[in-house]
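What follows is a short report on a single structure.
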Amino acid sequence: MGIQLKKAGIESFTIFEKSERVGGTWWENQYPGAACDVPSHFYCYSFEPNPDWSRKFSPQPEIQRYLERTADKYGITPHIRFGTEIAGASFDERAAKWRVRTKQGEEIVVDVLVSGTGQLNRPFVPDLPGLADFEGKQFHSARWDASHDLTGKNVVVIGNGASAIQFIPKVAAVAKKLTILQRSANWVVPRGDYAYSERAKKLFRALPFVTRLYRYFFYWQLEKNYMAFAREGYWARWFHKGASMYLEAAVPDPEMRKKLTPDYRIGCKRILIDDDFYPALTRPNVEVVTSPIQRIVRDGVVTADGVHHPADTLILATGFRATSFLAPMQIEGLGGQKLEEVWRGGAEAHLGLTVAGFPNFFMMYGPNTNLGHNSIIFMIECQVNYALRCIQELAGRGLAYLDVKPEAMRKYNEDVQAELAKSAWAAGCKSWYKTASGKVTNNWSNFTVAYWWRTRRPDLSQFNLMPRRA
């Protein structure tokens with residue numbers, strides 16, 4: 001967003017970052033094996049290709065460096081206030097300004113407010129009985145303690161989602177015993193990762209159009225996978241069969257295979273992509289436990305079947321508070337209405353970007369813009385383009401503010417939810433894609449090309465336009 005503002009000649013902006021470095025999830029998640037599950041040549045900005053990616057799926061440190069390098073190259077770093085967490089913001093209707101409050105008590109007055117907080121940045125720690133009684137080392141995977149050596153330790157991992165399948169192979173290689181407490185199995189498909197040769201990197205550097213073609217190849221390869229998320233159909237059955245065959249080939253033990261076979265159709269939860277997870281589970285020092293947790297004790301975990309699982313280290317791979325979006329920030333719009341109250345039945349927005357009653361407020365990666373099949377970077381670039389055009393209209397038309405109409409937002413979300421009802425995400429399973437009541441609040445309901453088409457320019461007839469007072 002900052003880069004495109006600068007390109008448009010808008011220099012008066014500040015980015016508030018609660019962490020000490022650029023990178024977001026790629027700064028906060030530094031567990032062993034952390035990597036992206038979208039090919040690197042597509043998991044980067046369209047205007048800043050990187051010919052030097054080391055692998056098809058690059059590891060966390062490399063993505064972190066790319067983001068910092070890009071921020072420096074485009075002169076964004078001086079606009080960032082690091083270590084500054086926002087407590088809330090309220091819209092002053094009379095002045096047509098947002099009053100933004102930091103956790104330190106400072107107030108900043110701005111014309112336009114943009115949220116770039118993401119969906120996966122607040123670790124979820126379940127309320128497990130006895131968790132405070134554990135006397136060993138414990139931490140969440142998103143707050144990994146790199147100073148704690150796991151060599152020769154009895155390690156218990158709670159959870160087996162997208163983060164867990166990446167660090168479990170690394171932990172299994174050094175731990176004395178690794179116990180994985182699994183609430184439900186996940187569908188896993190092979191990653192097919194490989195390293196790029198120096199010859200390939202030279203080619204990408206010498207012929208930028210080849211890099212761009214390679215990027216397009218990944219885009220359309222991933223885009224077609226959306227068809228697998230329909231409730232029924234050939235692609236859904238083909239995807240299910242492929243994942244089942246991979247499980248059967250990778251896990252020869254029928255008892256273990258039974259534990260790892262999900263009881264829901266593929267796509268209802270996030271599909272996991274990895275080459276090393278299943279092989280790690282077949283190691284003699286690894287055990288997968290499906291009995292529910294009864295309580296945590298000082299030296300381990302007791303499951304409902306009465307078995308005590310000893311632990312020196314407890315790792316919580318329990319995900320994030322994904323459906324609460326902007327929490328714990330308090331956002332107040334027109335008439336003092338609170339965003340958390342508006343979203344009591346589940347977060348929603350127009351195009352995932354604007355909310356009726358909250359003027360001059362735009363969200364990146366907002367409600368119903370997450371993907372199960374393609375790169376979120378593509379979606380965010382669409383959102384940046386839309387928000388920037390709105391900001392330019394504000395300036396060009398001399399508007400105090402623009403505010404999406406409630407009826408436009410309602411109609412849009414009715415259409416999105418109707419499409420989602422036909423998808424795998426609405427099938428009968430619990431996932432971070434939806435609220436406790438079952439409303440899918442996180443995922444986009446169509447191909448990404450459909451989202452690009454809808455966000456290529458704002459339709460100002462869907463907004464209330466407030467002229468600036470004399």
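If you're wondering about the labels, chains in the structure tokens are A, B, ... by order shown, residues count from 1 in each chain, ligands from 1 in order shown.
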
Would you please give, as number ranges by chain, all residues of region 2-179 of chain A that DSSP assigns to strand (DSSP E) based on the backbone?
A: 15-17, 80-82, 86-92, 97-102, 107-110, 113-115, 137-140, 154-158, 177-179

Got a sec: who's within 8 Å of Gly346 (chain A), counting only C-alpha atoms, leaving out chain neighbours fewer than 3 positions off, as a list in words?
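Answer for this query is Thr323, Trp343, Thr435, Lys439 and Thr441 of chain A.
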
The selected residues should be written to file as a PDB file, in the first residue's frame (atoms: C-alpha atoms).
ATOM      1  CA  THR A 323     -12.133 -14.743  12.572  1.00  0.00           C
ATOM      2  CA  TRP A 343     -19.629  -7.781  13.273  1.00  0.00           C
ATOM      3  CA  THR A 435     -17.127 -18.674  13.071  1.00  0.00           C
ATOM      4  CA  LYS A 439     -20.549 -18.591   8.932  1.00  0.00           C
ATOM      5  CA  THR A 441     -16.011 -15.210   7.159  1.00  0.00           C
TER       6      THR A 441
END

Report the closest atom pair, with its distance in Å rounded to one decimal, for each residue of region 361-387 of chain A that has an atom no farther than 10 Å from region 99-115 of chain A; count only C-alpha atoms, sort by chain and then rising residue number, and write it as a tab-separated table.
residue	atom	partner	partner_atom	distance
A:Phe361	CA	A:Leu113	CA	4.9
A:Phe362	CA	A:Val114	CA	4.7
A:Met363	CA	A:Ser115	CA	4.7
A:Met364	CA	A:Ser115	CA	6.0
A:Tyr365	CA	A:Ser115	CA	8.6
A:Gly366	CA	A:Ser115	CA	8.4
A:Val384	CA	A:Val114	CA	9.8
A:Ala387	CA	A:Val114	CA	8.5

Exercise: region 90-96 of chain A partners within 12 Å, only C-alpha atoms, chain neighbours under 4 positions left out, as a ChimeraX atom specification:
/A:86,100-101,107-113,329-339,357-361,394,399-403,465-470

Would you kindly return, as a VMD selection string, each protein, DNA or RNA residue with an atom no farther than 8 Å from any atom of Trp425 (chain A), considering only C-alpha atoms and excluding same-chain residues fewer than 6 positions away?
chain A and resid 229 267 to 269 433 440

Would you write out those residues with C-alpha atoms, as a CSV table (one decimal), in the first residue's frame?
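Heads up, here's the output in part-v3.csv:
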chain,number,residue,atom,x,y,z
A,229,PHE,CA,-13.4,-26.7,-3.7
A,267,GLY,CA,-11.1,-28.7,1.2
A,268,CYS,CA,-13.4,-28.2,4.2
A,269,LYS,CA,-10.3,-27.3,6.2
A,433,TYR,CA,-12.3,-20.3,7.9
A,440,VAL,CA,-17.6,-18.6,6.5

Spatial neighbours of Val416 (chain A), 8 Å, only C-alpha atoms, chain gap at least 3 places, as number ranges by chain
A: 412-413, 419-420, 444-445

Save the residues we just selected, C-alpha atoms, as a PDB file, in the first residue's frame?
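Output below, filename out_34.pdb:
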ATOM      1  CA  TYR A 412     -22.576  -8.175  -2.021  1.00  0.00           C
ATOM      2  CA  ASN A 413     -22.363 -10.344   1.098  1.00  0.00           C
ATOM      3  CA  GLU A 419     -21.638 -18.928  -3.455  1.00  0.00           C
ATOM      4  CA  LEU A 420     -19.860 -20.175  -0.332  1.00  0.00           C
ATOM      5  CA  TRP A 444     -13.267 -15.654  -1.039  1.00  0.00           C
ATOM      6  CA  SER A 445     -16.040 -17.489  -2.835  1.00  0.00           C
TER       7      SER A 445
END

Could you jot down the CA of Ile165 (chain A) to CA of Asp274 (chain A) separation for me, Å, one decimal place?
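For CA of Ile165 (chain A) relative to CA of Asp274 (chain A), the distance reads 7.3 Å.
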
Sorted by chain and rising residue number, which residues of region 233-280 of chain A lie within 10 Å of region 191-197 of chain A, and what are their closest atom pairs and distances in Å to one decimal, counting only C-alpha atoms, as a tab-separated table?
residue	atom	partner	partner_atom	distance
A:Leu272	CA	A:Arg191	CA	8.9
A:Ile273	CA	A:Arg191	CA	5.1
A:Asp274	CA	A:Arg191	CA	4.7
A:Asp275	CA	A:Arg191	CA	5.4
A:Asp276	CA	A:Arg191	CA	9.0

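Remark: for Trp53 (chain A), the closest of the candidate residues A:Phe134, A:Trp27, A:Phe16, A:Tyr66 is A:Tyr66 (distances computed over only C-alpha atoms).
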
Nearest candidate to Arg265 (chain A) (options A:Asn121, A:Ser40, A:Ser423, A:Asn50; using only C-alpha atoms):
A:Ser423

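CA of Lys430 (chain A) sits 19.2 Å away from CA of Ala236 (chain A).
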
Gln221 (chain A): which residues within 12 Å, counting only C-alpha atoms, same-chain residues fewer than 5 positions away excluded, as a list in words?
Val38, Pro39, Phe42, Tyr214, Arg215, Tyr216, Tyr226, Met227, His373, Asn374 and Ser375 of chain A

Neighbour list for Val125 (chain A) as a VMD selection string, cut-off 12 Å, only C-alpha atoms, skip fewer than 6 positions in-chain:
chain A and resid 131 to 132 138 to 143 158 to 159 315 to 321

Generate a file of the selected residues that holds C-alpha atoms, formatted as a compact mmCIF listing (two decimals), in the first residue's frame.
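The new file again.txt reads:
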# COMPACT_ATOMS: atom_id res chain seq x y z
CA LEU A 131 -1.85 -25.58 31.41
CA ALA A 132 -0.43 -23.28 34.11
CA GLN A 138 6.12 -24.29 26.79
CA PHE A 139 5.55 -21.90 23.90
CA HIS A 140 3.28 -21.30 20.90
CA SER A 141 4.71 -22.15 17.47
CA ALA A 142 4.29 -18.47 16.44
CA ARG A 143 6.41 -17.45 19.45
CA ILE A 158 -0.66 -29.98 20.57
CA GLY A 159 -2.07 -29.56 17.07
CA ILE A 315 4.63 -26.80 21.90
CA LEU A 316 1.23 -25.29 21.14
CA ALA A 317 0.51 -25.47 17.41
CA THR A 318 -3.02 -24.29 17.99
CA GLY A 319 -3.35 -21.66 15.28
CA PHE A 320 -4.59 -18.09 15.40
CA ARG A 321 -7.63 -16.02 16.25

Of the residues A:Arg65, A:Met256, A:Ile391, A:Trp26, which is the one nearest to Gly9 (chain A), using only C-alpha atoms?
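Smallest separation from Gly9 (chain A) among the options: A:Ile391.
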